[in-house]
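Below: one structure, written as structure tokens.
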Amino acid sequence: MTTLTMTSPTTGGALPAGVTPVGGIVLDLIGLNGVRVLVQLSADQLFAGTFSPDTPGGNPGTIGVLGGLSPQVLAQLGGGLSQMAVRMSIFDADASVGDIDHNENFLTINGIQIGNLSLPATESTSESGELMGAAVGFQNALLSTGWFHVTDPAVLFEIFGSLVARNGVSFGLHDLDPYDNGYDFSQGLDGSHFEITIPNTAPDATDDVYSVSRNTPLVVSAASGLLANDTDPEGANLTATLVSGPLHGTVTINSDGSFTYVPATGYAGPDSFSYRASDGALGDVAAVNLFVNPNVAPVAGADRYTVDRNGELVVSPRHGVLANDSDPDSSSGGVLTARTLSEPQNGTLTFNADGSFVYVPNPGFYGTDSFAYAASDGDAETPNFVTLTVVNNNAAPVAADDAYRLDKDGILTVERANGVLANDADADGDVLTVEVTTGPANGTLTLNADGSFTYIPNPGFHGSDNFSYRTSDGDDTDIATVTLTVDNVNGAPSPADDAYEVDEGGRLFIDAANGVLANDTDPDGSAMTAQIRTQPSSGVVTLNADGSFAYTPNPGFTGTDSFTYFANDGSDTGYATVMLTVNAVNEAPVGASDTYAMEQNRSLTVDAAHGVLANDSDPDGDPLSVALLTGPQHGQFVLNADGSFNYVPDANYVGSDSFTYSLRDGSTSTPVTVTLTVNPRSGRLITLDDNANRATYARQGEAVIVHARGGADSITGSRFDDELLLGEGADEGIGGNGNDIIRGGAGDDKLFGQAGNDRLEGGDGDDLMHGGDGPDIMVGGVGDDIYYVHSTEDQVIEAAGEGSFDNVRSTVSWTLGDHFEELMLEGSADIDGSGNALDNAVLGNSGANVLYGLDGNDTLGGYGGDDIQYGGAGNDRLVGRDGNDVLHGGTGDDQYFVDTADVIVELGGEGVDTVFSVGDYVLGANLEVLRLDGAADLRGEGNNLNNYIAGTDGDNFLIGHGGDDQVFGGRGDDTLVGDGEAVGNGNDRLEGGDGADTIFGGGGDDVLSGGGGDDFLFGEAGMDRLDGGSGNDVFVFDLNSLSIPDQRPDTVIGFHGAGTSGIGEQDSLHFSGGFSSSATLMFDHYGSNQGQQYYRLVDPEHPGQEQLILVQMAGGSTNLLSSDDYLFS
């Protein structure tokens, strides 16, 4: 038996001397005679060696190589090879034509028998002599058995399939039956050989990415070149060749993958080319993506210069602001230009493009000044500040002494022309100012900075006085003295009026220390004497020369009296008035006890005419009032200052009660006690059962006391003073003509007092109480109750926590008491309504009402008539519209619902307020938000604040005016204006919404959004952002309204140009007007950055006048504008 085994070097032993693997897989072919042949596998190569069979006399077999290549021709095959195509052929030159039975042959891999190796019978006449063409895998090869026919003795058999090449893998071919009919391997393989074929695999080329600055060559070495990330499965050396060149530059490629790319002059953006990586036989194509970065802005260095005060700074180009500036990418050929961005604040500047300049500081100025400039390389600019230091070289001023004269008690006023600076000097001609260093000792001085002054000597002073001042030119100072001579002249006395008091019936004695001369003065300090001038009219006065006096009022007199006197200094006189007040002596008021009586469960209401003051008096006739000291113990009580009161005894109480009040005349008081007697109730007692009863007692000859129980009862009282006590059902109680008491139970009751002074108590449940005629008392109880009021004398009472929405409906003017939530005025009378501190709803009637919300977040509604509404504190809702209403919101964020006839009054600082209007409306002062209601075509205008304005679904005309406004059109064809004519230039946001809108930005940096529809957008002045949205939009630039030159460009967003495919919309830029009447405007592409294209309008006849515009194409398109996208008019 002949066995051929192929193994890796790890299983076949050490390699012979002189055989060195180059990196692939080396097969060690060993015959049984121990002869070893080494073969290295490589793509498209067939390597061979020799071996000898193990039987004597056998001819040596040959593992041949087509073309006769020797085993030492080595090529790399990467160690990571996972699978390769393998062809194995065994040839025997001595084989004869005929049938060969290899039924017992099998294939082994790593010594494991895999399957028999033979052809099926159907292949026995194959001319090729191929054993089979099945796949031979690592561990899954099963070959069919049978016969095959040899037609070409040069080829014994061949195996085609796959071999998994791994270290330690061996495979062999065995013939197990040397005595079978057919070819016998044991007889030797004369002239036969063994062949292994491995086909080539194409290399894998990977795309590359590089970037380079504009106008700069890109040089890439082989180590970082095109082939650095490309691979070949067999490890072959690769070469690179150009397939297609770049569109925006030139490229030179070397075979080792290094290359040089030169972008087109001035170009910035993407570019690409492709190349082929080849192993000599097969190749692969990859793309190289290039990005040419935009220009890098210049680098500006800090600049500082120094000049003397009142001097001139002249700086040449060599030392100018560009001398220390540079251009990193030399896009301008290394030549930079400069332009000013801001002027100095304290001088004048003449600036040139080459960086030279002349600076002249303002006269007298010294210190630090600055200006800003921009260094430009023709594409980009870099701002920079220049610091200017003006050095002081000042000469100090010279101050000269001054002298002035005035009379005693006079006033010296000196104008600037004759002031203290009139004889002072400054060598530099600086403007001088003065300030006091030492003031005068005998007077007051007011010295102004310009040298003018006012001097007032102390009263009576005469002689010499002086002060010192410091004169300054802003840097240095000098001091001088001013002498003031006050000449002596006599001054008349200055008597002052006096006032004294004495009680009625008394006598007033005043000594000299407190007399009429005590507050009198003489400018010369001369001694004064007093002399009577006129006597008082209601008494007698005795006046002494030293100013002391005695005054006796007439008997019984009280009130005001007076006399006059002379004050004399021996030369001159003056006179004054003495006021004398004779105070009345008060006597305490006299109080008389009072007694009142009422029936059980009845309230007692006493008016002022019959109140507690009716029998009280005051000896002095002073007006009297009362205040409660101690209240009653068995009822609720209210005492008014005029003596009227209301007393409600506790339910079912019978007996005596009392209260004490203080009787007051404004000065003194007297306590008085009032006795209250509660008598048992008279009337017929009626008790109803638990059924639902309907009972009427209108014809009764006496009062009734009805006690209802369960069921929904309806009870009507008599014409007398009845008491109806309703049960637990939803009851109805009707009082009749008397002064009735109706008490509800636990259900939702209806109580009607009708005529008389009634008391209605709802109890638990949501009750309705209607007092009817007369001053009634209505008490709600737990639940949301409704009260009907028809008299201003009605009392409506609701305790805390007894309901969340209690409602008062009144036909008279009414103010909600505590714990009530809603007031509704009824009827058509011109009455008023007022809320409380809760969140109220106060609603008017058809008349002209005045409504007050007071505290809380209130809702006020006029509903007919010319109403006046006051929201007060809180976030209120004021509803006008019906009638000519005046609405005062007050503090808080209020909402106004108006039409064109209404007037809103809102003060500053009273919150952010919103107006909802169904007609044309202009926001008044201090109003922030306007919302137009409905679908009509309306006009709305803001004010000078930052307004929010929203239109209707109609065609609106909306104007923001001053402030940073937000204006929203809605669904119609709207006209939106950011800034009105009278006020201007806010940074506004204007959104047209749906419809064909026309939008004007005005001054300021505005944001304009067209939305749906074919819109016209006018950015006007400022750096605006314009977004047409969907539709065929027109962006209009009125060049006459722009600031030229303007380096703060407008930006057009989402532009649908003629070259934008697949959108179906066409926007356009429309330029009207011009920089000059004869200008021929040019519109050209200026550059790009982050998806935005820069364009500029240029006036060739006026260099330097240009307008920048940024355009961002819709859908992320990088197309440039064509001549179809803009027009001039």
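Convention: chains lettered A, B, ... in structure tokens order; per-chain residue numbering from 1; ligands numbered from 1 as shown.
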Contacts of segment 935-948 of chain A within 6 Å, only C-alpha atoms, excl. fewer than 4 positions in-chain, as a PyMOL selection string: chain A and resi 920-923+928-929+952-967
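DSSP annotation of segment 269-485 of chain A from backbone atoms: helix (DSSP H, G or I) residues are Pro317, Arg318, His319, Arg416, Ala417 and Asn418 of chain A.
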Selection file, N, CA and C atoms, as an mmCIF file, in the first residue's frame:
data_model
loop_
_atom_site.group_PDB
_atom_site.id
_atom_site.type_symbol
_atom_site.label_atom_id
_atom_site.label_comp_id
_atom_site.auth_asym_id
_atom_site.auth_seq_id
_atom_site.Cartn_x
_atom_site.Cartn_y
_atom_site.Cartn_z
ATOM 1 N N PRO A 317 2.513 103.090 7.431
ATOM 2 C CA PRO A 317 2.151 101.671 7.226
ATOM 3 C C PRO A 317 3.121 100.718 7.904
ATOM 4 N N ARG A 318 4.409 101.082 7.929
ATOM 5 C CA ARG A 318 5.407 100.180 8.517
ATOM 6 C C ARG A 318 5.135 99.934 9.993
ATOM 7 N N HIS A 319 4.595 100.937 10.676
ATOM 8 C CA HIS A 319 4.302 100.790 12.105
ATOM 9 C C HIS A 319 2.788 100.785 12.365
ATOM 10 N N ARG A 416 -20.985 135.036 36.670
ATOM 11 C CA ARG A 416 -19.755 134.410 36.223
ATOM 12 C C ARG A 416 -18.760 135.419 35.672
ATOM 13 N N ALA A 417 -19.276 136.419 34.929
ATOM 14 C CA ALA A 417 -18.364 137.383 34.286
ATOM 15 C C ALA A 417 -17.543 138.169 35.301
ATOM 16 N N ASN A 418 -18.079 138.396 36.515
ATOM 17 C CA ASN A 418 -17.365 139.120 37.555
ATOM 18 C C ASN A 418 -16.966 138.220 38.715
#
Residue among A:Asp767, A:Asp401, A:Asp424, A:Asp572 lying closest to Ala480 of chain A, counting only C-alpha atoms: A:Asp401
Apply DSSP to the backbone of this structure and, from segment 907-954 of chain A, keep only the residues in strand (DSSP E or B); write these as a PyMOL selection string. chain A and resi 914-917+921-922+929-932+939-941+948-950
Interatomic distance (Å, one decimal) between atom CA of Glu312 of chain A and atom CA of Pro361 of chain A: 7.1 Å
Please list as a VMD selection string every residue within 10 Å of segment 608-618 of chain A, counting only C-alpha atoms and excluding residues in the same chain fewer than 4 positions away. chain A and resid 586 to 596 622 to 626 639 to 645 661 663 to 665 672 to 674
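Close contacts of Ala353 of chain A, defined as residues with an atom at most 8 Å away when counting only C-alpha atoms, with chain neighbours fewer than 6 positions off set aside, comprise Thr337, Ala338 and Arg339 of chain A.
Atom pair atom CA of Asn544 of chain A / atom CA of Arg507 of chain A has a distance of 16.3 Å (rounded to one decimal).
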Find the residues around segment 460-471 of chain A up to 10 Å (only C-alpha atoms counted), leave out those fewer than 4 positions away in its own chain, and share them as number ranges by chain. A: 396-410, 420-421, 424-426, 432-443, 445, 447, 449-451, 476-491, 521-526
Within 12 Å of Gly1004 of chain A, counting only C-alpha atoms, which residues show up once you throw out same-chain ones fewer than 5 positions away? Write them as a JSON list (two decimals) with C-alpha atoms, in the first residue's frame, please.
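Final output, part_28.json:
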[["chain", "number", "residue", "atom", "x", "y", "z"],
["A", 961, "HIS", "CA", -44.65, 99.31, 16.32],
["A", 962, "GLY", "CA", -41.88, 99.81, 18.93],
["A", 963, "GLY", "CA", -40.35, 97.06, 21.06],
["A", 964, "ASP", "CA", -39.34, 93.49, 20.26],
["A", 965, "ASP", "CA", -42.69, 92.24, 18.99],
["A", 978, "GLY", "CA", -42.73, 94.86, 12.53],
["A", 979, "ASP", "CA", -42.16, 98.59, 13.16],
["A", 983, "VAL", "CA", -41.86, 104.34, 16.48],
["A", 984, "GLY", "CA", -39.17, 101.89, 15.54],
["A", 985, "ASN", "CA", -36.64, 99.61, 15.53],
["A", 986, "GLY", "CA", -37.33, 96.47, 17.54],
["A", 987, "ASN", "CA", -36.01, 92.98, 16.93],
["A", 988, "ASP", "CA", -39.33, 91.48, 15.83],
["A", 989, "ARG", "CA", -40.59, 87.98, 15.03],
["A", 1019, "GLY", "CA", -36.50, 92.30, 5.63],
["A", 1020, "GLU", "CA", -35.70, 96.05, 5.39],
["A", 1021, "ALA", "CA", -33.02, 97.43, 7.76],
["A", 1022, "GLY", "CA", -31.11, 95.28, 10.26],
["A", 1023, "MET", "CA", -29.66, 91.76, 10.12],
["A", 1024, "ASP", "CA", -32.82, 89.79, 9.35],
["A", 1025, "ARG", "CA", -33.61, 86.09, 8.95],
["A", 1042, "LEU", "CA", -30.52, 99.53, 3.77],
["A", 1043, "SER", "CA", -27.49, 100.89, 5.59],
["A", 1048, "ARG", "CA", -24.40, 92.48, 8.90],
["A", 1050, "ASP", "CA", -29.66, 89.17, 5.96]]
Pick from A:Val516, A:Leu604, A:Leu349, A:Ala527: nearest to Phe566 of chain A, with only C-alpha atoms counted? A:Val516
Near Asp997 of chain A, within 9 Å and counting only C-alpha atoms, which residues show up once chain neighbours fewer than 2 positions away are dropped, as a ChimeraX atom specification? /A:955,969,972-976,992-995,999,1010-1017
Just give me the gap between atom CA of Thr792 of chain A and atom CA of Gly780 of chain A in Å, one decimal is fine. 18.0 Å
